[in-house]
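Enquirer: Data file work_37.txt (compact mmCIF, N, CA, C and O atoms) is appended below.
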```txt
# COMPACT_ATOMS: atom_id res chain seq x y z
N GLY A 4 40.74 114.21 113.09
CA GLY A 4 41.07 115.46 113.70
C GLY A 4 39.85 116.36 113.85
O GLY A 4 38.71 115.92 113.77
N ASP A 5 40.13 117.64 114.05
CA ASP A 5 39.06 118.63 114.23
C ASP A 5 38.20 118.79 113.00
O ASP A 5 37.00 118.99 113.09
N THR A 6 38.80 118.66 111.81
CA THR A 6 38.03 118.81 110.58
C THR A 6 36.99 117.70 110.45
O THR A 6 35.86 117.96 110.06
N GLY A 7 37.34 116.49 110.83
CA GLY A 7 36.40 115.37 110.79
C GLY A 7 35.25 115.58 111.76
O GLY A 7 34.10 115.32 111.43
N LYS A 8 35.56 116.08 112.95
CA LYS A 8 34.51 116.35 113.94
C LYS A 8 33.60 117.48 113.48
O LYS A 8 32.40 117.45 113.69
N GLN A 9 34.18 118.51 112.85
CA GLN A 9 33.38 119.63 112.36
C GLN A 9 32.44 119.17 111.26
O GLN A 9 31.28 119.57 111.21
N LYS A 10 32.93 118.30 110.35
CA LYS A 10 32.08 117.79 109.27
C LYS A 10 30.97 116.92 109.85
O LYS A 10 29.82 117.03 109.44
N GLU A 11 31.30 116.09 110.84
CA GLU A 11 30.30 115.23 111.47
C GLU A 11 29.21 116.08 112.13
O GLU A 11 28.03 115.80 112.01
N MET A 12 29.61 117.15 112.83
CA MET A 12 28.64 118.02 113.49
C MET A 12 27.78 118.73 112.45
O MET A 12 26.57 118.84 112.62
N ALA A 13 28.38 119.19 111.35
CA ALA A 13 27.62 119.85 110.29
C ALA A 13 26.62 118.87 109.67
O ALA A 13 25.48 119.24 109.39
N ASP A 14 27.04 117.62 109.48
CA ASP A 14 26.14 116.60 108.95
C ASP A 14 25.00 116.34 109.93
O ASP A 14 23.85 116.19 109.53
N ASN A 15 25.32 116.29 111.23
CA ASN A 15 24.29 116.08 112.25
C ASN A 15 23.29 117.22 112.26
O ASN A 15 22.09 117.00 112.35
N ILE A 16 23.77 118.46 112.18
CA ILE A 16 22.89 119.62 112.18
C ILE A 16 21.99 119.60 110.95
O ILE A 16 20.80 119.87 111.04
N SER A 17 22.55 119.21 109.82
CA SER A 17 21.76 119.11 108.59
C SER A 17 20.67 118.05 108.73
O SER A 17 19.52 118.27 108.33
N ALA A 18 21.01 116.91 109.31
CA ALA A 18 20.03 115.84 109.52
C ALA A 18 18.95 116.27 110.52
O ALA A 18 17.76 116.00 110.32
N ILE A 19 19.36 116.96 111.58
CA ILE A 19 18.40 117.46 112.57
C ILE A 19 17.47 118.47 111.91
O ILE A 19 16.26 118.44 112.11
N HIS A 20 18.03 119.36 111.09
CA HIS A 20 17.23 120.36 110.37
C HIS A 20 16.18 119.66 109.51
O HIS A 20 15.00 120.05 109.50
N THR A 21 16.58 118.64 108.77
CA THR A 21 15.66 117.92 107.90
C THR A 21 14.55 117.24 108.72
O THR A 21 13.38 117.31 108.36
N ALA A 22 14.92 116.60 109.82
CA ALA A 22 13.92 115.94 110.68
C ALA A 22 12.95 116.97 111.26
O ALA A 22 11.74 116.71 111.35
N LEU A 23 13.45 118.14 111.62
CA LEU A 23 12.58 119.20 112.14
C LEU A 23 11.63 119.70 111.06
O LEU A 23 10.45 119.96 111.33
N GLN A 24 12.13 119.82 109.83
CA GLN A 24 11.26 120.21 108.71
C GLN A 24 10.13 119.19 108.54
O GLN A 24 8.97 119.57 108.35
N PHE A 25 10.48 117.92 108.60
CA PHE A 25 9.45 116.87 108.48
C PHE A 25 8.45 116.96 109.63
O PHE A 25 7.26 116.78 109.43
N ALA A 26 8.96 117.22 110.84
CA ALA A 26 8.08 117.30 112.01
C ALA A 26 7.13 118.49 111.94
O ALA A 26 6.11 118.51 112.61
N CYS A 27 7.45 119.46 111.09
CA CYS A 27 6.59 120.63 110.88
C CYS A 27 5.66 120.46 109.68
O CYS A 27 4.82 121.32 109.41
N SER A 28 5.80 119.36 108.97
CA SER A 28 5.08 119.14 107.72
C SER A 28 3.58 118.95 107.93
O SER A 28 3.14 118.43 108.96
N GLN A 29 2.83 119.35 106.94
CA GLN A 29 1.38 119.08 106.92
C GLN A 29 1.09 117.68 106.38
O GLN A 29 -0.02 117.19 106.50
N ASN A 30 2.09 117.06 105.78
CA ASN A 30 1.97 115.70 105.25
C ASN A 30 2.10 114.72 106.42
O ASN A 30 3.15 114.66 107.06
N PRO A 31 1.05 113.94 106.71
CA PRO A 31 1.08 113.03 107.88
C PRO A 31 2.24 112.04 107.88
O PRO A 31 2.81 111.76 108.93
N SER A 32 2.62 111.52 106.72
CA SER A 32 3.71 110.54 106.71
C SER A 32 5.05 111.21 107.01
O SER A 32 5.89 110.65 107.72
N GLU A 33 5.27 112.42 106.49
CA GLU A 33 6.50 113.16 106.79
C GLU A 33 6.53 113.55 108.27
O GLU A 33 7.56 113.46 108.93
N LEU A 34 5.39 113.99 108.78
CA LEU A 34 5.27 114.38 110.18
C LEU A 34 5.66 113.23 111.10
O LEU A 34 6.49 113.38 112.00
N LYS A 35 5.11 112.04 110.85
CA LYS A 35 5.42 110.87 111.67
C LYS A 35 6.90 110.51 111.57
O LYS A 35 7.53 110.18 112.58
N LEU A 36 7.44 110.56 110.35
CA LEU A 36 8.85 110.23 110.15
C LEU A 36 9.75 111.20 110.91
O LEU A 36 10.69 110.78 111.60
N GLY A 37 9.46 112.50 110.82
CA GLY A 37 10.26 113.50 111.53
C GLY A 37 10.19 113.34 113.03
O GLY A 37 11.22 113.36 113.73
N GLU A 38 8.98 113.15 113.55
CA GLU A 38 8.82 112.98 115.00
C GLU A 38 9.53 111.72 115.50
O GLU A 38 10.16 111.73 116.55
N LYS A 39 9.42 110.65 114.73
CA LYS A 39 10.07 109.39 115.11
C LYS A 39 11.58 109.56 115.17
O LYS A 39 12.23 109.14 116.13
N GLN A 40 12.16 110.21 114.15
CA GLN A 40 13.61 110.40 114.13
C GLN A 40 14.07 111.28 115.28
O GLN A 40 15.08 111.01 115.92
N LEU A 41 13.34 112.34 115.56
CA LEU A 41 13.71 113.22 116.66
C LEU A 41 13.68 112.48 118.00
O LEU A 41 14.56 112.67 118.84
N ARG A 42 12.70 111.60 118.19
CA ARG A 42 12.63 110.80 119.42
C ARG A 42 13.82 109.86 119.54
O ARG A 42 14.36 109.67 120.63
N VAL A 43 14.24 109.29 118.42
CA VAL A 43 15.40 108.38 118.43
C VAL A 43 16.65 109.13 118.89
O VAL A 43 17.46 108.62 119.66
N TRP A 44 16.80 110.36 118.40
CA TRP A 44 18.00 111.12 118.71
C TRP A 44 18.01 111.72 120.11
O TRP A 44 19.05 112.18 120.57
N GLU A 45 16.88 111.75 120.79
CA GLU A 45 16.81 112.40 122.10
C GLU A 45 17.86 111.90 123.08
O GLU A 45 18.29 112.64 123.96
N GLU A 46 18.27 110.67 122.95
CA GLU A 46 19.22 110.09 123.89
C GLU A 46 20.63 110.02 123.33
O GLU A 46 21.50 109.37 123.92
N GLN A 47 20.87 110.70 122.24
CA GLN A 47 22.20 110.66 121.63
C GLN A 47 22.97 111.94 121.90
O GLN A 47 22.41 113.04 121.88
N SER A 48 24.24 111.75 122.14
CA SER A 48 25.13 112.88 122.40
C SER A 48 25.17 113.81 121.19
O SER A 48 25.22 113.37 120.05
N GLY A 49 25.11 115.10 121.45
CA GLY A 49 25.19 116.10 120.38
C GLY A 49 23.85 116.55 119.84
O GLY A 49 23.78 117.56 119.13
N TYR A 50 22.78 115.83 120.16
CA TYR A 50 21.46 116.17 119.63
C TYR A 50 21.00 117.55 120.10
O TYR A 50 20.57 118.38 119.30
N TYR A 51 21.12 117.81 121.38
CA TYR A 51 20.62 119.07 121.92
C TYR A 51 21.49 120.26 121.48
O TYR A 51 20.98 121.35 121.25
N ALA A 52 22.78 120.03 121.33
CA ALA A 52 23.65 121.08 120.79
C ALA A 52 23.26 121.37 119.34
O ALA A 52 23.26 122.52 118.89
N GLY A 53 22.89 120.32 118.59
CA GLY A 53 22.43 120.50 117.22
C GLY A 53 21.13 121.29 117.16
O GLY A 53 20.96 122.16 116.29
N LEU A 54 20.21 121.01 118.08
CA LEU A 54 18.97 121.78 118.15
C LEU A 54 19.27 123.25 118.41
O LEU A 54 18.68 124.13 117.78
N ALA A 55 20.20 123.50 119.33
CA ALA A 55 20.57 124.89 119.65
C ALA A 55 21.15 125.58 118.42
O ALA A 55 20.85 126.74 118.15
N SER A 56 21.96 124.87 117.65
CA SER A 56 22.54 125.45 116.43
C SER A 56 21.47 125.77 115.41
O SER A 56 21.53 126.80 114.74
N VAL A 57 20.47 124.91 115.29
CA VAL A 57 19.38 125.15 114.33
C VAL A 57 18.56 126.37 114.75
O VAL A 57 18.29 127.25 113.94
N PHE A 58 18.18 126.45 116.01
CA PHE A 58 17.29 127.55 116.38
C PHE A 58 18.00 128.89 116.47
O PHE A 58 17.34 129.93 116.43
N THR A 59 19.31 128.90 116.55
CA THR A 59 20.01 130.19 116.56
C THR A 59 20.38 130.66 115.16
O THR A 59 20.82 131.79 115.00
N ASP A 60 20.18 129.81 114.17
CA ASP A 60 20.49 130.17 112.78
C ASP A 60 19.32 130.95 112.18
O ASP A 60 18.27 130.39 111.89
N ARG A 61 19.50 132.22 111.99
CA ARG A 61 18.42 133.08 111.50
C ARG A 61 18.07 132.84 110.03
O ARG A 61 17.09 133.38 109.54
N ASN A 62 18.85 132.03 109.35
CA ASN A 62 18.55 131.67 107.96
C ASN A 62 17.57 130.50 107.86
O ASN A 62 17.06 130.21 106.79
N VAL A 63 17.35 129.83 108.98
CA VAL A 63 16.43 128.68 109.02
C VAL A 63 15.00 129.21 109.13
O VAL A 63 14.74 130.21 109.78
N GLU A 64 14.07 128.50 108.50
CA GLU A 64 12.66 128.88 108.52
C GLU A 64 12.17 129.01 109.96
O GLU A 64 12.55 128.23 110.83
N SER A 65 11.29 129.97 110.19
CA SER A 65 10.84 130.25 111.57
C SER A 65 10.10 129.07 112.20
O SER A 65 10.25 128.81 113.39
N ASP A 66 9.31 128.32 111.41
CA ASP A 66 8.61 127.18 112.00
C ASP A 66 9.58 126.07 112.42
O ASP A 66 9.38 125.41 113.44
N VAL A 67 10.65 125.90 111.66
CA VAL A 67 11.67 124.90 112.01
C VAL A 67 12.44 125.35 113.25
O VAL A 67 12.71 124.54 114.15
N ARG A 68 12.76 126.63 113.33
CA ARG A 68 13.44 127.16 114.51
C ARG A 68 12.57 126.98 115.75
O ARG A 68 13.06 126.59 116.81
N LEU A 69 11.29 127.27 115.61
CA LEU A 69 10.36 127.10 116.74
C LEU A 69 10.29 125.64 117.17
O LEU A 69 10.30 125.34 118.37
N MET A 70 10.24 124.73 116.22
CA MET A 70 10.21 123.30 116.55
C MET A 70 11.49 122.89 117.28
O MET A 70 11.44 122.10 118.24
N ALA A 71 12.63 123.44 116.88
CA ALA A 71 13.90 123.14 117.56
C ALA A 71 13.84 123.63 119.01
O ALA A 71 14.29 122.94 119.92
N ILE A 72 13.28 124.82 119.21
CA ILE A 72 13.15 125.37 120.57
C ILE A 72 12.24 124.48 121.41
O ILE A 72 12.55 124.18 122.57
N ILE A 73 11.14 124.05 120.83
CA ILE A 73 10.19 123.19 121.55
C ILE A 73 10.86 121.86 121.93
O ILE A 73 10.73 121.39 123.06
N CYS A 74 11.59 121.27 120.99
CA CYS A 74 12.28 120.01 121.28
C CYS A 74 13.33 120.18 122.38
O CYS A 74 13.46 119.34 123.27
N LEU A 75 14.07 121.29 122.33
CA LEU A 75 15.06 121.55 123.37
C LEU A 75 14.38 121.77 124.72
O LEU A 75 14.80 121.20 125.73
N TYR A 76 13.33 122.55 124.72
CA TYR A 76 12.58 122.79 125.97
C TYR A 76 12.06 121.47 126.55
O TYR A 76 12.20 121.22 127.75
N ASN A 77 11.45 120.66 125.71
CA ASN A 77 10.91 119.37 126.18
C ASN A 77 12.02 118.48 126.72
O ASN A 77 11.82 117.77 127.71
N GLY A 78 13.17 118.50 126.07
CA GLY A 78 14.30 117.71 126.54
C GLY A 78 14.80 118.18 127.90
O GLY A 78 15.12 117.38 128.78
N ILE A 79 14.87 119.50 128.06
CA ILE A 79 15.29 120.06 129.35
C ILE A 79 14.28 119.66 130.42
O ILE A 79 14.66 119.23 131.51
N ASP A 80 13.01 119.80 130.08
CA ASP A 80 11.96 119.46 131.03
C ASP A 80 12.03 117.99 131.44
O ASP A 80 11.90 117.65 132.61
N ARG A 81 12.29 117.11 130.48
CA ARG A 81 12.33 115.68 130.75
C ARG A 81 13.61 115.23 131.43
O ARG A 81 13.59 114.36 132.29
N HIS A 82 14.74 115.78 131.00
CA HIS A 82 16.02 115.21 131.41
C HIS A 82 16.80 116.03 132.44
O HIS A 82 17.40 115.47 133.33
N TRP A 83 16.84 117.33 132.30
CA TRP A 83 17.60 118.12 133.26
C TRP A 83 16.89 118.22 134.59
O TRP A 83 17.51 118.31 135.63
N ARG A 84 15.59 118.24 134.56
CA ARG A 84 14.84 118.40 135.80
C ARG A 84 14.59 117.08 136.51
O ARG A 84 14.12 117.06 137.63
N SER A 85 14.85 115.99 135.84
CA SER A 85 14.63 114.68 136.46
C SER A 85 15.97 114.05 136.81
O SER A 85 17.02 114.61 136.55
N ARG A 86 15.91 112.91 137.34
CA ARG A 86 17.13 112.20 137.75
C ARG A 86 17.47 111.11 136.74
O ARG A 86 17.67 109.97 137.09
N VAL A 87 17.58 111.49 135.49
CA VAL A 87 17.91 110.54 134.43
C VAL A 87 19.39 110.20 134.50
O VAL A 87 20.23 111.08 134.65
N VAL A 88 19.69 108.92 134.40
CA VAL A 88 21.07 108.44 134.52
C VAL A 88 21.97 109.04 133.44
O VAL A 88 23.11 109.39 133.70
N TYR A 89 21.46 109.21 132.23
CA TYR A 89 22.28 109.62 131.11
C TYR A 89 22.34 111.13 130.91
O TYR A 89 22.88 111.60 129.94
N LYS A 90 21.78 111.91 131.81
CA LYS A 90 21.63 113.34 131.55
C LYS A 90 22.95 114.03 131.24
O LYS A 90 23.00 114.89 130.39
N SER A 91 24.03 113.66 131.90
CA SER A 91 25.29 114.34 131.64
C SER A 91 25.82 114.01 130.24
O SER A 91 26.48 114.82 129.62
N GLN A 92 25.50 112.83 129.73
CA GLN A 92 25.95 112.45 128.40
C GLN A 92 25.04 113.06 127.33
O GLN A 92 25.52 113.47 126.28
N MET A 93 23.75 113.12 127.59
CA MET A 93 22.80 113.61 126.59
C MET A 93 22.86 115.12 126.46
O MET A 93 22.75 115.65 125.37
N PHE A 94 23.02 115.81 127.56
CA PHE A 94 23.06 117.27 127.55
C PHE A 94 24.47 117.71 127.84
O PHE A 94 24.87 117.81 128.98
N GLN A 95 25.20 117.93 126.82
CA GLN A 95 26.55 118.43 127.01
C GLN A 95 26.42 119.94 127.07
O GLN A 95 26.48 120.62 126.06
N SER A 96 26.22 120.47 128.25
CA SER A 96 25.93 121.89 128.40
C SER A 96 27.07 122.76 127.90
O SER A 96 26.84 123.86 127.42
N SER A 97 28.30 122.27 127.97
CA SER A 97 29.40 123.11 127.52
C SER A 97 29.32 123.45 126.03
O SER A 97 29.58 124.58 125.67
N PRO A 98 28.92 122.53 125.10
CA PRO A 98 28.78 122.96 123.71
C PRO A 98 27.53 123.80 123.47
O PRO A 98 27.49 124.60 122.54
N ILE A 99 26.51 123.64 124.29
CA ILE A 99 25.27 124.39 124.09
C ILE A 99 25.42 125.83 124.56
O ILE A 99 24.97 126.76 123.91
N LYS A 100 26.10 126.02 125.67
CA LYS A 100 26.19 127.35 126.29
C LYS A 100 26.75 128.40 125.34
O LYS A 100 26.16 129.47 125.19
N PRO A 101 27.87 128.16 124.62
CA PRO A 101 28.37 129.20 123.71
C PRO A 101 27.40 129.54 122.59
O PRO A 101 27.29 130.69 122.18
N VAL A 102 26.67 128.53 122.12
CA VAL A 102 25.68 128.78 121.05
C VAL A 102 24.60 129.68 121.57
O VAL A 102 24.17 130.63 120.90
N LEU A 103 24.11 129.43 122.78
CA LEU A 103 23.06 130.24 123.35
C LEU A 103 23.53 131.66 123.65
O LEU A 103 22.77 132.61 123.52
N LEU A 104 24.77 131.80 124.03
CA LEU A 104 25.30 133.13 124.36
C LEU A 104 25.52 133.98 123.11
O LEU A 104 25.62 135.20 123.22
N GLN A 105 25.58 133.36 121.94
CA GLN A 105 25.77 134.10 120.68
C GLN A 105 24.51 134.84 120.28
O GLN A 105 24.57 135.80 119.54
N THR A 106 23.36 134.39 120.75
CA THR A 106 22.10 134.99 120.30
C THR A 106 21.81 136.29 120.98
O THR A 106 22.25 136.62 122.00
```
What does the file become when written as structure tokens?
Expert:
Amino acid sequence: GDTGKQKEMADNISAIHTALQFACSQNPSELKLGEKQLRVWEEQSGYYAGLASVFTDRNVESDVRLMAIICLYNGIDRHWRSRVVYKSQMFQSSPIKPVLLQT
């Protein structure tokens, strides 16, 4: 039901937050791990909505929020502006729009 989906989304946001923290790390191995995981998720449904949730959360560290914005921007640049076959599946604009309007 809805509770299962909410828990799954919360788990996804937590995982995205952790990967973004790693991608901001000064430790080269953490940096590579975070960047690699973020690239894997780029083509998965819910990833960009998760990024939007992270960057709109004012309790999240500013460098992590900035990294989420950069990842979202790069995704828009790569996928919304091009003719990618999966764009409608990867960018579910309907879940992202309410998050953006809250800010």
Enquirer: Would you mind reading off the distance between CA of Ala26 (chain A) and CA of Val63 (chain A), one decimal, in Å?
Expert: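 Interatomic distance, CA of Ala26 (chain A) to CA of Val63 (chain A): 14.4 Å.
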Enquirer: Could you tell me how far atom C of Gly53 (chain A) lies from atom O of Leu41 (chain A), in Å and to one decimal?
Expert: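 So the two atoms, atom C of Gly53 (chain A) and atom O of Leu41 (chain A), lie 11.0 Å apart.
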Enquirer: If I take atom C of Lys39 (chain A) and atom N of Glu11 (chain A), how far is one from the other in Å, to one decimal?
Expert: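 Result for atom C of Lys39 (chain A) versus atom N of Glu11 (chain A): 21.2 Å, one decimal.
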Enquirer: Using only C-alpha atoms for the distances, tell me which of A:Thr59, A:Tyr50, A:Met70, A:Asp14 is nearest to Gly37 (chain A).
Expert: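 Of the candidates, the smallest distance to Gly37 (chain A) is held by A:Met70.
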Enquirer: Given only N, CA, C and O atoms as the basis, pick out the residue of A:Val67, A:Ile79, A:Ile73, A:Val57 nearest to Cys27 (chain A).
Expert: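 Looking only at the distances to Cys27 (chain A), the closest residue turns out to be A:Val67.
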Enquirer: Between A:Ser65, A:Ser32, A:Asn77, A:Gln47, which is the closest to Asn15 (chain A) once you count only C-alpha atoms?
Expert: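 With only C-alpha atoms as the atom set, the closest residue is A:Gln47.
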